[in-house]
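All remarks here apply to the structure that follows.
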Amino acid sequence: MMTDNWMWGTGYGLTHWIIFVVMVAVVLYPTGRILKRLGLSPFWSLLVFVPRVNLIALWVLAFSDWPMDKGSSGAS
C-alpha cells in the first residue's frame, strides 16, 4: 500500500535540525549579549521565541532605564 510508509517522506531530516540549531544560536547569542550589557540575565533572551511576549518584552526594554542613561547628568 502507498500509505504504509507515509512518515518517511515527511519527517525532519538532519539538515533541518542543523539549520534550526544554527538559527537559534544566531538569534539567542547576540540577544543574550545585549541583555548582559544592560545588567539583565541572558536567559531573558528565551522570550524571543514566545509570540506576543517577545514584542511586549521589546517595548518594555526599549523604554526602561539603560545603564548609559543612569550616568548622564541631564540635558546637554
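Labeling convention for the C-alpha cells: chains A, B, ... as they appear, residues from 1 per chain, ligands from 1 in order of appearance.
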Who sits within 8 Å of Val48 in chain A, only C-alpha atoms, same chain under 4 positions skipped, as a VMD selection string: chain A and resid 28 53 to 54
Find the spatial neighbours of range 29-39 of chain A, counting only C-alpha atoms, within a cut-off of 10 Å - ignore same-chain residues fewer than 3 positions away - and output them as a PyMOL selection string. chain A and resi 24-26+42-46+48+61+65-68
State, in Å with one decimal place, the distance from CA of Leu58 in chain A to CA of Val21 in chain A. 22.9 Å
What is the distance between CA of Phe63 in chain A and CA of Val27 in chain A, in Å to one decimal?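 About the pair CA of Phe63 in chain A and CA of Val27 in chain A: they are 21.6 Å apart.
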Just the number, please: distance in Å from CA of Met23 in chain A to CA of Leu55 in chain A, one decimal.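 Result for CA of Met23 in chain A versus CA of Leu55 in chain A: 19.2 Å, one decimal.
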